[in-house]
Protein chains: 2
Amino acid sequence: MDNFSFYAPTYFAFGKGAENRAGELVEKFGGTKVLIHYGGGSVVRSGLLDRVKKSLSDAGIGYVELGGVKPNPRSGLVYQGIDICRQEGVDFILAVGGGSTIDSSKAIAAGTLYDGDFWDFYEGKQVTKALPVGTVLTIAAAGSEGSPDSVITKEEGMIKRGASGPAYRPKFSIMNPELTCTLSPYQTAAGATDIIAHLYERYLTNTKNVQTTDRMIEALIMAMVEETPKVIADPYDYDARANIMWAGMMAHNNSCGVGRSQDWTSHQIEHELSALYDCAHGAGLAVTMPAVFRYNMKHDPARFAQIATRVWGVKDNGNVEETALAGIDALQEFLCSIGMPRNFEELGANEADIDYLAHTCCYGDAESDGNGKVYGFTVLSEEDVRNIYRLML
Amino acid sequence: MDNFSFYAPTYFAFGKGAENRAGELVEKFGGTKVLIHYGGGSVVRSGLLDRVKKSLSDAGIGYVELGGVKPNPRSGLVYQGIDICRQEGVDFILAVGGGSTIDSSKAIAAGTLYDGDFWDFYEGKQVTKALPVGTVLTIAAAGSEGSPDSVITKEEGMIKRGASGPAYRPKFSIMNPELTCTLSPYQTAAGATDIIAHLYERYLTNTKNVQTTDRMIEALIMAMVEETPKVIADPYDYDARANIMWAGMMAHNNSCGVGRSQDWTSHQIEHELSALYDCAHGAGLAVTMPAVFRYNMKHDPARFAQIATRVWGVKDNGNVEETALAGIDALQEFLCSIGMPRNFEELGANEADIDYLAHTCCYGDAESDGNGKVYGFTVLSEEDVRNIYRLML
């Protein structure tokens with residue numbers, strides 16, 4: 001096991017009605033003037049935004065608002081948010097929404113305290129300070145409610161990049177599973193796929209003998225495999241929603257990823273898809289993961305075989321590669337069974353874009369080294385990445 | 001799933017040489033004058049104490065010392081520690097040792113800031129403030145390095161009681177698995193048993209549909225079952241020590257116990273054994289758990305059957321009670337295989353004390369309601385508790 005530090009000081013208020021604690025929690029963490037940041041639509045229609053505002057008002061906390069966050073959140077709104085925070089003297093950002101809203105909030109939080117362009121953080125500059133962020137989570141997916149990460153898409157060129165730093169961990173996250181019951185089956189499944197991807201990307205490690213975190217990751221995937229079909233069948237299954245919501249946070253706060261190398265190849269290759277086609281990140285991952293895993297399987301068949309037998313119930317027939325592939329097949333069949341796309345066509349992607357996608361992935365990404373390689377479980381060249389996209393046809 | 005709050009703001013520095021960060025971390029969390037609290041023996045002989053002192057000195061942090069903590073830590077040393085902290089103007093307590101040292105440190109931390117007798121906290125008074133505590137962990141067992149809990153034994157009457165509160169969460173914990181390599185096989189196994197007990201006590205819930213935390217608990221038990229025999233066979237197996245150390249923290253920081261009722265019957269019944277006989281807490285739990293579980297099995301055979309099939313590899317033969325019991329048998333055989341005692345005789349307990357043990361457990365414990373009942377997975381009367389002790393003969 002590798003040496004590591006782990007520090008996850010986010011306060012989680014979980015359960016029915018938890019959004020009514022927003023005011024109390026902003027106060028607890030020192031906020032006096034809040035930017036409420038959100039998308040729109042259901043957050044407004046459902047009355048959630050009003051309940052949050054009332055909670056703030058009841059606690060004597062002032063606020064301004066900025067709605068309009070879209071999936072794959074954009075840099076333009078971040079700049080707007082930074083301007084508002086500076087003009088209004090905002091000292092706390094409250095994200096009401098899903099991963100996109102939370103990630104946008106984090107970017108605003110860092111940008112407000114930074115003299116330069118916030119995009120610097122998404123090109124590799126360390127996030128060292130940010131306004132405190134709290135969240136009221138409305139979809140179990142990104143895990144941003146408990147993570148130090150944020151992903152933003154720059155509108156010029158539709159470039160999707162991530163930034164990370166301890167200052168990005170939310171001070172608190174309000175997690176009421178009821179708020180997720182009105183999500184469509186497709187949104188629900190895309191969120192579940194993102195959670196499963198966060199687990200797989202940690203599972204695919206080159207660090208040996210990491211049994212405890214292996215077992216934790218397997219446990220969370222199994223819970224997702226058990227609970228997701230329940231909420232697809234009955235969106236108002238509160239307990240299943242609650243299980244998924246806690247699993248989504250645990251999948252990405254990194255307690256199951258410490259002390260081991262991680263992958264993130266699937267995320268990097270997927271980011272080009274959701275940036276170009278504006279598809280749901282989870283849907284893109286459903287198509288990307290099986291292709292990446294089949295391509296990378298021979299790097300360590302035993303690792304794929306282990307998850308195949310432990311999670312997917314594949315019987316080990318003595319041929320480790322067959323066992324490994326059967327596990328990848330089982331993953332893909334599961335994702336399709338909850339309504340996720342199987343290939344480029346179902347995702348709405350075009351074969352003709354593959355050269356562009358592979359090139360952007362290998363040369364345009366801050367996580368790459370400029371030499372056109374993607375580093376993760378394996379080292380992939382542009383040709384490898386093209387081959388992986390072709391496996392998605 | 002029940003509503004809950006979860007807040008675990010402990011910084012973990014994990015890995016080889018992490019103890020050399022003691023000074024940096026005390027400074028990070030605001031300490032300027034430290035009480036170094038420890039047991040003795042190996043912490044001194046191994047040079048660990050000197051390395052910690054050097055790290056503090058290098059960071060310009062002053063310290064005083066108090067050694068002498070014993071297993072099942074006593075109130076007498078806590079009073080001494082409180083006096084020292086007050087006289088010396090200590091503002092940070094650094095525990096160098098295992099659960100006993102950490103629990104004693106927490107008691108000193110609360111007592112120093114309290115006008116009354118610190119024992120009040122162990123008779124049910126809420127811990128609302130305490131000096132900050134950091135730890136340098138030397139055994140994977142109690143989980144106190146990441147928990148808000150402390151257990152102290154009052155010398156008058158040898159009464160062992162717990163206290164809990166957010167102020168008891170350590171600010172940081174240094175976890176270097178190398179420091180545990182010199183533990184005896186018996187100490188190692190007793191620690192592992194305590195970890196497994198923390199998991200079982202959370203598993204035995206009356207809350208329905210808590211699949212995510214069920215799976216997490218099962219995962220951590222499986223990791224313990226896989227890794228513990230490795231370190232019994234080879235005490236210097238670093239990776240296995242590391243897996244156990246992280247599992248021990250995760251088992252008790254409560255991320256796998258949120259939103260569900262918990263048990264703690266085995267801990268309560270065991271506390272009388274280690275208080276009276278001064279045996280290792282883990283050894284007492286090895287004898288107690290199977291007895292409690294066999295006695296309580298009929299309350300929810302399916303719960304015991306689930307862990308039997310998922311963790312212990314018991315084949316479900318269709319008879320849920322047989323499956324459940326086979327799982328309890330497997331747990332006991334595992335604990336015996338790592339060198340833990342099986343019964344009263346092997347533990348050094350006396351049948352003649354059963355009436356006393358059961359009475360103290362039911363009437364002397366702050367966790368009981370004074371009506372002689374033990375509340376947990378089931379409600380146990382004094383007669384039930386006597387019967388459980390008899391099952392340990």
# chains A, B, ... in the order shown; residues from 1 in each chain; ligands from 1
call {"tool": "interface_residues", "arguments": {"of": "chain B", "to": "chain A", "cutoff": "8 Å", "atoms": "only C-alpha atoms", "output": "ChimeraX atom specification"}}
result
/B:1-16,209-213,215-216,218-220,222-224,227,239-240,242-244,246-247
call {"tool": "write_last_selection", "arguments": {"atoms": "C-alpha atoms", "output": "short mmCIF file (atom, residue, chain, number, x, y, z; two decimals), in the first residue's frame"}}
result
data_model
loop_
_atom_site.label_atom_id
_atom_site.label_comp_id
_atom_site.auth_asym_id
_atom_site.auth_seq_id
_atom_site.Cartn_x
_atom_site.Cartn_y
_atom_site.Cartn_z
CA MET B 1 -32.71 4.10 6.30
CA ASP B 2 -32.85 6.40 9.32
CA ASN B 3 -31.92 10.07 9.13
CA PHE B 4 -28.40 10.81 10.33
CA SER B 5 -25.56 13.31 10.50
CA PHE B 6 -22.01 12.24 9.80
CA TYR B 7 -18.96 14.38 10.42
CA ALA B 8 -15.51 12.84 10.62
CA PRO B 9 -12.97 15.66 10.33
CA THR B 10 -9.86 13.71 11.30
CA TYR B 11 -6.74 14.15 9.17
CA PHE B 12 -5.07 10.78 8.54
CA ALA B 13 -1.36 10.61 7.75
CA PHE B 14 -0.85 7.01 6.73
CA GLY B 15 2.31 5.11 5.87
CA LYS B 16 5.98 4.58 6.55
CA ASN B 209 -33.04 -2.12 3.60
CA VAL B 210 -29.59 -0.84 4.43
CA GLN B 211 -27.80 -2.64 1.64
CA THR B 212 -24.96 -0.14 1.14
CA THR B 213 -23.77 -0.22 4.73
CA ARG B 215 -22.13 -4.50 1.97
CA MET B 216 -19.47 -2.17 3.38
CA GLU B 218 -19.25 -7.37 5.00
CA ALA B 219 -16.37 -6.09 2.87
CA LEU B 220 -14.37 -4.98 5.89
CA MET B 222 -13.84 -10.19 4.64
CA ALA B 223 -10.68 -8.09 4.46
CA MET B 224 -10.00 -8.81 8.14
CA GLU B 227 -5.42 -10.29 6.15
CA ASP B 239 0.76 -4.64 3.26
CA ALA B 240 -1.36 -6.92 5.43
CA ALA B 242 -1.66 -1.69 6.34
CA ASN B 243 -4.89 -3.31 5.18
CA ILE B 244 -5.80 -4.17 8.77
CA TRP B 246 -7.19 1.05 7.47
CA ALA B 247 -9.97 -1.48 8.01
#
call {"tool": "residues_around", "arguments": {"residues": "A:Ala22", "least_positions_apart": "2", "cutoff": "7 Å", "atoms": "only C-alpha atoms", "output": "ChimeraX atom specification"}}
result
/A:19-20,24-26,52,55-56
call {"tool": "write_last_selection", "arguments": {"atoms": "C-alpha atoms", "output": "PDB file, in the first residue's frame"}}
result
ATOM      1  CA  GLU A  19     -32.735  20.760   3.344  1.00  0.00           C
ATOM      2  CA  ASN A  20     -34.442  22.681   6.128  1.00  0.00           C
ATOM      3  CA  GLU A  24     -28.281  26.354  10.443  1.00  0.00           C
ATOM      4  CA  LEU A  25     -25.403  24.772   8.541  1.00  0.00           C
ATOM      5  CA  VAL A  26     -24.361  27.898   6.635  1.00  0.00           C
ATOM      6  CA  VAL A  52     -33.776  26.517   1.135  1.00  0.00           C
ATOM      7  CA  SER A  55     -34.198  28.192   5.896  1.00  0.00           C
ATOM      8  CA  LEU A  56     -31.564  30.840   5.181  1.00  0.00           C
TER       9      LEU A  56
END
call {"tool": "residues_around", "arguments": {"residues": "A:Ser75", "least_positions_apart": "4", "cutoff": "10 Å", "atoms": "only C-alpha atoms", "output": "PyMOL selection string"}}
result
chain A and resi 79-81+104+107-108+118-119+152-156+158-160
call {"tool": "residues_around", "arguments": {"residues": "stretch 337-353 of chain B", "least_positions_apart": "4", "cutoff": "8 Å", "atoms": "only C-alpha atoms", "output": "compact mmCIF listing (two decimals) with N, CA and C atoms, in the first residue's frame"}}
result
# COMPACT_ATOMS: atom_id res chain seq x y z
N PRO B 185 1.59 -12.01 18.34
CA PRO B 185 0.43 -12.59 17.65
C PRO B 185 -0.86 -12.45 18.47
N TYR B 186 -0.73 -12.59 19.79
CA TYR B 186 -1.93 -12.50 20.64
C TYR B 186 -2.52 -11.09 20.61
N ALA B 189 -4.10 -10.49 17.23
CA ALA B 189 -5.38 -11.18 17.06
C ALA B 189 -6.47 -10.54 17.91
N ALA B 190 -6.10 -10.09 19.11
CA ALA B 190 -7.10 -9.43 19.97
C ALA B 190 -7.55 -8.12 19.31
N THR B 228 -5.75 -10.98 8.48
CA THR B 228 -5.25 -11.30 9.82
C THR B 228 -4.37 -12.55 9.85
N PRO B 229 -4.77 -13.65 9.24
CA PRO B 229 -3.87 -14.82 9.27
C PRO B 229 -2.51 -14.54 8.64
N ILE B 232 -0.41 -13.01 11.38
CA ILE B 232 -0.11 -14.00 12.42
C ILE B 232 1.05 -14.87 11.91
N LEU B 273 -16.24 -8.42 31.63
CA LEU B 273 -15.15 -9.42 31.68
C LEU B 273 -13.80 -8.73 31.76
N TYR B 277 -11.53 -9.14 35.02
CA TYR B 277 -10.35 -10.02 34.88
C TYR B 277 -9.15 -9.32 34.23
N CYS B 279 -8.58 -8.83 31.26
CA CYS B 279 -8.16 -9.56 30.06
C CYS B 279 -8.17 -8.60 28.87
N ALA B 283 -9.91 -10.40 23.36
CA ALA B 283 -10.05 -11.79 23.79
C ALA B 283 -11.41 -12.01 24.43
N GLY B 284 -11.84 -11.03 25.24
CA GLY B 284 -13.16 -11.12 25.84
C GLY B 284 -14.26 -11.15 24.78
N ALA B 286 -13.97 -12.26 21.74
CA ALA B 286 -13.93 -13.53 21.01
C ALA B 286 -14.81 -14.58 21.70
N VAL B 287 -14.85 -14.51 23.02
CA VAL B 287 -15.67 -15.45 23.79
C VAL B 287 -17.13 -14.97 23.84
N GLN B 332 -16.57 -18.17 15.08
CA GLN B 332 -15.84 -18.63 16.27
C GLN B 332 -14.61 -19.45 15.89
N GLU B 333 -14.75 -20.31 14.89
CA GLU B 333 -13.58 -21.11 14.47
C GLU B 333 -12.48 -20.19 13.94
N LEU B 357 -21.40 -10.74 37.31
CA LEU B 357 -21.20 -10.15 35.98
C LEU B 357 -22.52 -9.68 35.37
N ARG B 390 -23.48 -18.08 30.53
CA ARG B 390 -23.41 -19.54 30.67
C ARG B 390 -23.04 -20.21 29.34
N MET B 392 -20.92 -19.26 27.47
CA MET B 392 -19.46 -19.11 27.28
C MET B 392 -18.67 -20.15 28.07
N LEU B 393 -19.37 -20.99 28.83
CA LEU B 393 -18.65 -21.97 29.68
C LEU B 393 -18.01 -23.08 28.86
call {"tool": "select_by_dssp", "arguments": {"residues": "stretch 42-215 of chain A", "states": "helix (DSSP H, G or I)", "output": "ChimeraX atom specification"}}
result
/A:42-45,48-58,75-88,99-112,118-123,144-146,166-168,177-180,185-203,211-215
call {"tool": "closest_residue", "arguments": {"among": "A:Thr265, A:Thr182, A:Ser100, A:Thr323", "to": "A:Lys298", "atoms": "only C-alpha atoms"}}
result
A:Thr323
call {"tool": "closest_residue", "arguments": {"among": "A:Lys28, A:Lys125, A:Lys230, A:Lys315", "to": "A:Phe92", "atoms": "only C-alpha atoms"}}
result
A:Lys28
